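Step one of this worksheet: look at the structure below.
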Amino acid sequence: MGRWLTVSILLISQFCCLAQNVGDSTEGNPKASEFRGQNQRFQGQPNILYPDTLHNKRLIGVLTGQGIIYFGSLTGLYFLWYKDYAQSSFHFFNDNDEWLQMDKMGHFFSSYYLSSLMYASYRWAGVREKKAIFFGSLLSYAFMLNIEILDGFSAEWGFSPGDLAANTAGCLLFLGQQFAWHEQRFLIKYSYHPSKYPQYNPELLGTNFAQNLVKDYNGMSFWLSGNIHSFLPETSGFPKWLNVAVGYGAEGLGVNETEFDRYRKFLLSLDVDLTKIPTRSKTLKGIFTVINLIKIPFPALEYNTKGQFKFHPLYF
């Protein structure tokens with residue numbers, strides 16, 4: 001639990017570097033004509049130009065950085081998560097019902113953004129579009145698969161087919177959109193609001209806000225945020241930054257089931273694609289790219305499996 005968010009934190013640090021590098025790729029470059037290639041979009045960002053030709057130095061840098069992060073993060077996960085638990089022979093474990101699939105949504109989220117990041121890294125180095133999509137998604141899948149294999153040798157967990165399916169879905173969501181539209185019209189987003197549950201099981205759900213962000217699935221929601229303008233004519237006049245989002249959450253997780261009901265929540269709300277907000281500032285572009293993983297608070301309509309409809313004036 002929480003390992004997927006550890007992966008996501010690593011992604012955020014890379015997003016920061018990537019956003020700065022992309023901003024530097026054309027501005028102030030006397031050879032800007034090299035960047036006359038397709039205006040491919042990363043996370044819906046219309047202002048990113050990738051080079052037409054392969055930049056060997058950049059590619060070496062990307063591959064070196066990926067190798068360091070790949071093996072370094074797996075080593076870190078081993079010492080953070082696995083070292084203190086007994087090892088066993090490889091085995092499978094069905095954990096699909098433990099968290100009402102909220103943990104699977106976390107895997108979906110991480111594999112999607114890892115695919116997106118790897119793709120953008122390759123395109124920045126001048127790798128052609130189709131190859132960048134394929135290798136970016138493949139590397140993301142391999143990284144997440146290695147985590148599942150580590151689980152398979154841990155007596156505490158096991159290789160989870162459900163986790164593998166969620167990882168696959170995240171990679172395919174990115175790959176399919178990029179092949180079909182050369183942009184991401186649907187984004188996966190995360191939101192969190194403090195819940196009442198950690199006080200009843202702080203060891204499992206966290207003892208402070210930072211830990212709650214990682215451990216308390218009761219306060220998390222995952223969203224599929226779709227950009228409406230992308231499906232309309234350019235002359236429609238509809239705001240390019242306005243999205244509609246459907247979300248999923250759950251409550252009653254990680255606490256005594258005889259005292260609290262476990263139920264699912266289905267949500268409908270609006271959202272903002274921050275990368276569609278025009279700005280000339282490289283700093284703002286970088287900030288918008290990073291925080292675009294987070295669902296912007298808006299009013300929301302909830303339906304839950306207790307048969308209730310609820311309206312939230314502002315939902316985080």
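Just remember, in the structure tokens the first chain shown is A, the second B, etc., residues are 1-based per chain, and ligands are 1-based in the order shown.
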Q: Write out as a list of chain:residue names which residues come within 10 Å of Met102 of chain A when counting only C-alpha atoms, dropping same-chain ones fewer than 2 positions away.
A: A:Asn96, A:Asp97, A:Glu98, A:Trp99, A:Leu100, A:Lys104, A:Met105, A:Gly106, A:His107, A:Phe108, A:Tyr217, A:Asn218, A:Met220, A:Ser221, A:Phe222, A:Tyr248, A:Gly249, A:Ala250, A:Glu251, A:Leu253, A:Arg264
Let's have the selection written as a short mmCIF file (atom, residue, chain, number, x, y, z; two decimals), in the first residue's frame, with N, CA and C atoms.
data_model
loop_
_atom_site.label_atom_id
_atom_site.label_comp_id
_atom_site.auth_asym_id
_atom_site.auth_seq_id
_atom_site.Cartn_x
_atom_site.Cartn_y
_atom_site.Cartn_z
N ASN A 96 -7.85 -8.29 -5.01
CA ASN A 96 -8.76 -7.40 -5.73
C ASN A 96 -9.83 -6.77 -4.86
N ASP A 97 -10.24 -7.44 -3.78
CA ASP A 97 -11.33 -6.92 -2.96
C ASP A 97 -10.87 -6.20 -1.69
N GLU A 98 -9.56 -6.12 -1.47
CA GLU A 98 -9.08 -5.59 -0.20
C GLU A 98 -9.40 -4.11 -0.01
N TRP A 99 -9.25 -3.34 -1.07
CA TRP A 99 -9.44 -1.88 -0.96
C TRP A 99 -10.52 -1.37 -1.92
N LEU A 100 -11.43 -2.24 -2.31
CA LEU A 100 -12.48 -1.88 -3.27
C LEU A 100 -11.89 -1.26 -4.53
N LYS A 104 -5.90 -0.36 -7.11
CA LYS A 104 -5.76 -0.59 -8.55
C LYS A 104 -5.80 0.74 -9.31
N MET A 105 -6.63 1.65 -8.83
CA MET A 105 -6.67 2.97 -9.44
C MET A 105 -5.32 3.68 -9.29
N GLY A 106 -4.65 3.44 -8.17
CA GLY A 106 -3.32 4.01 -7.98
C GLY A 106 -2.32 3.46 -8.98
N HIS A 107 -2.39 2.16 -9.24
CA HIS A 107 -1.51 1.55 -10.25
C HIS A 107 -1.84 2.11 -11.64
N PHE A 108 -3.12 2.25 -11.94
CA PHE A 108 -3.57 2.82 -13.20
C PHE A 108 -2.99 4.23 -13.39
N TYR A 217 -6.84 5.71 1.60
CA TYR A 217 -7.65 5.61 0.40
C TYR A 217 -9.04 6.19 0.59
N ASN A 218 -9.51 6.31 1.83
CA ASN A 218 -10.85 6.84 2.08
C ASN A 218 -11.01 8.28 1.60
N MET A 220 -9.13 9.64 -0.90
CA MET A 220 -8.67 9.80 -2.28
C MET A 220 -9.80 9.63 -3.27
N SER A 221 -9.67 10.30 -4.38
CA SER A 221 -10.53 10.06 -5.54
C SER A 221 -9.64 10.05 -6.78
N PHE A 222 -9.97 9.21 -7.73
CA PHE A 222 -9.27 9.18 -9.01
C PHE A 222 -10.27 9.54 -10.10
N TYR A 248 -13.93 8.24 -9.08
CA TYR A 248 -14.22 7.04 -8.30
C TYR A 248 -13.53 7.15 -6.95
N GLY A 249 -14.24 6.77 -5.89
CA GLY A 249 -13.67 6.76 -4.56
C GLY A 249 -14.35 5.68 -3.73
N ALA A 250 -13.91 5.53 -2.49
CA ALA A 250 -14.50 4.54 -1.60
C ALA A 250 -14.28 4.97 -0.16
N GLU A 251 -15.12 4.47 0.73
CA GLU A 251 -14.98 4.77 2.16
C GLU A 251 -15.17 3.49 2.98
N LEU A 253 -12.55 1.95 4.42
CA LEU A 253 -11.41 1.08 4.13
C LEU A 253 -10.38 1.16 5.24
N ARG A 264 -18.67 2.26 -2.28
CA ARG A 264 -18.04 2.94 -3.41
C ARG A 264 -18.74 4.26 -3.69
#
Q: Name all residues at most 8 Å from Val272 of chain A (count only C-alpha atoms; drop same-chain ones fewer than 2 positions away) and give them as a list in words.
A: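 Everything that qualifies: Trp241, Leu242, Asn243, Leu270, Leu274, Lys295 and Ile296 of chain A.
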**Q.** Shell around Lys240 of chain A at 9 Å using only C-alpha atoms, local window under 5 positions removed, as a ChimeraX atom specification
**A.** /A:227-230,273,276-277
Selection export as a PDB file, in the first residue's frame, atoms kept: C-alpha atoms:
ATOM      1  CA  ASN A 227     -11.264  17.796 -22.630  1.00  0.00           C
ATOM      2  CA  ILE A 228     -14.476  18.872 -24.366  1.00  0.00           C
ATOM      3  CA  HIS A 229     -12.897  21.300 -26.832  1.00  0.00           C
ATOM      4  CA  SER A 230     -10.731  18.535 -28.308  1.00  0.00           C
ATOM      5  CA  ASP A 273      -6.665  21.294 -17.942  1.00  0.00           C
ATOM      6  CA  LYS A 276      -4.390  24.536 -22.021  1.00  0.00           C
ATOM      7  CA  ILE A 277      -4.077  27.914 -20.279  1.00  0.00           C
TER       8      ILE A 277
END
Report as an mmCIF file with N, CA and C atoms, in the first residue's frame all protein, DNA and RNA residues lying within 12 Å of Ser88 of chain A, evaluated on only C-alpha atoms, omitting residues in the same chain fewer than 5 positions from it.
data_model
loop_
_atom_site.group_PDB
_atom_site.id
_atom_site.type_symbol
_atom_site.label_atom_id
_atom_site.label_comp_id
_atom_site.auth_asym_id
_atom_site.auth_seq_id
_atom_site.Cartn_x
_atom_site.Cartn_y
_atom_site.Cartn_z
ATOM 1 N N TYR A 82 10.523 -3.893 1.054
ATOM 2 C CA TYR A 82 10.640 -5.347 1.039
ATOM 3 C C TYR A 82 11.672 -5.920 2.010
ATOM 4 N N ILE A 149 6.813 -8.351 -9.644
ATOM 5 C CA ILE A 149 7.667 -9.523 -9.445
ATOM 6 C C ILE A 149 8.286 -9.498 -8.052
ATOM 7 N N LEU A 150 8.729 -8.308 -7.604
ATOM 8 C CA LEU A 150 9.223 -8.198 -6.232
ATOM 9 C C LEU A 150 8.141 -8.599 -5.233
ATOM 10 N N ASP A 151 6.906 -8.175 -5.487
ATOM 11 C CA ASP A 151 5.788 -8.589 -4.632
ATOM 12 C C ASP A 151 5.651 -10.112 -4.612
ATOM 13 N N GLY A 152 5.872 -10.711 -5.775
ATOM 14 C CA GLY A 152 5.691 -12.153 -5.890
ATOM 15 C C GLY A 152 6.643 -12.972 -5.034
ATOM 16 N N PHE A 153 7.772 -12.389 -4.674
ATOM 17 C CA PHE A 153 8.751 -13.083 -3.829
ATOM 18 C C PHE A 153 8.672 -12.648 -2.369
ATOM 19 N N SER A 154 7.691 -11.838 -2.036
ATOM 20 C CA SER A 154 7.528 -11.367 -0.663
ATOM 21 C C SER A 154 6.426 -12.165 0.027
ATOM 22 N N ALA A 155 6.730 -12.669 1.224
ATOM 23 C CA ALA A 155 5.725 -13.419 1.980
ATOM 24 C C ALA A 155 4.564 -12.525 2.401
ATOM 25 N N GLU A 156 4.813 -11.215 2.498
ATOM 26 C CA GLU A 156 3.792 -10.269 2.933
ATOM 27 C C GLU A 156 2.750 -10.024 1.848
ATOM 28 N N TRP A 157 3.192 -10.078 0.582
ATOM 29 C CA TRP A 157 2.285 -9.793 -0.521
ATOM 30 C C TRP A 157 2.235 -10.972 -1.486
ATOM 31 N N GLY A 158 2.382 -10.732 -2.755
ATOM 32 C CA GLY A 158 2.350 -11.752 -3.791
ATOM 33 C C GLY A 158 2.124 -11.065 -5.127
ATOM 34 N N PHE A 159 2.395 -11.770 -6.189
ATOM 35 C CA PHE A 159 2.174 -11.215 -7.531
ATOM 36 C C PHE A 159 0.674 -11.080 -7.750
#
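Closest approach to Ser115 of chain A from the set A:Thr289, A:Thr168, A:Leu59, A:Arg128 is made by A:Thr168, with distances taken over only C-alpha atoms.
Minimum atom-to-atom distance to Thr275 of chain A, evaluated using only C-alpha atoms, belongs to A:Gln184 out of A:Pro297, A:Leu314, A:Leu213, A:Gln184.
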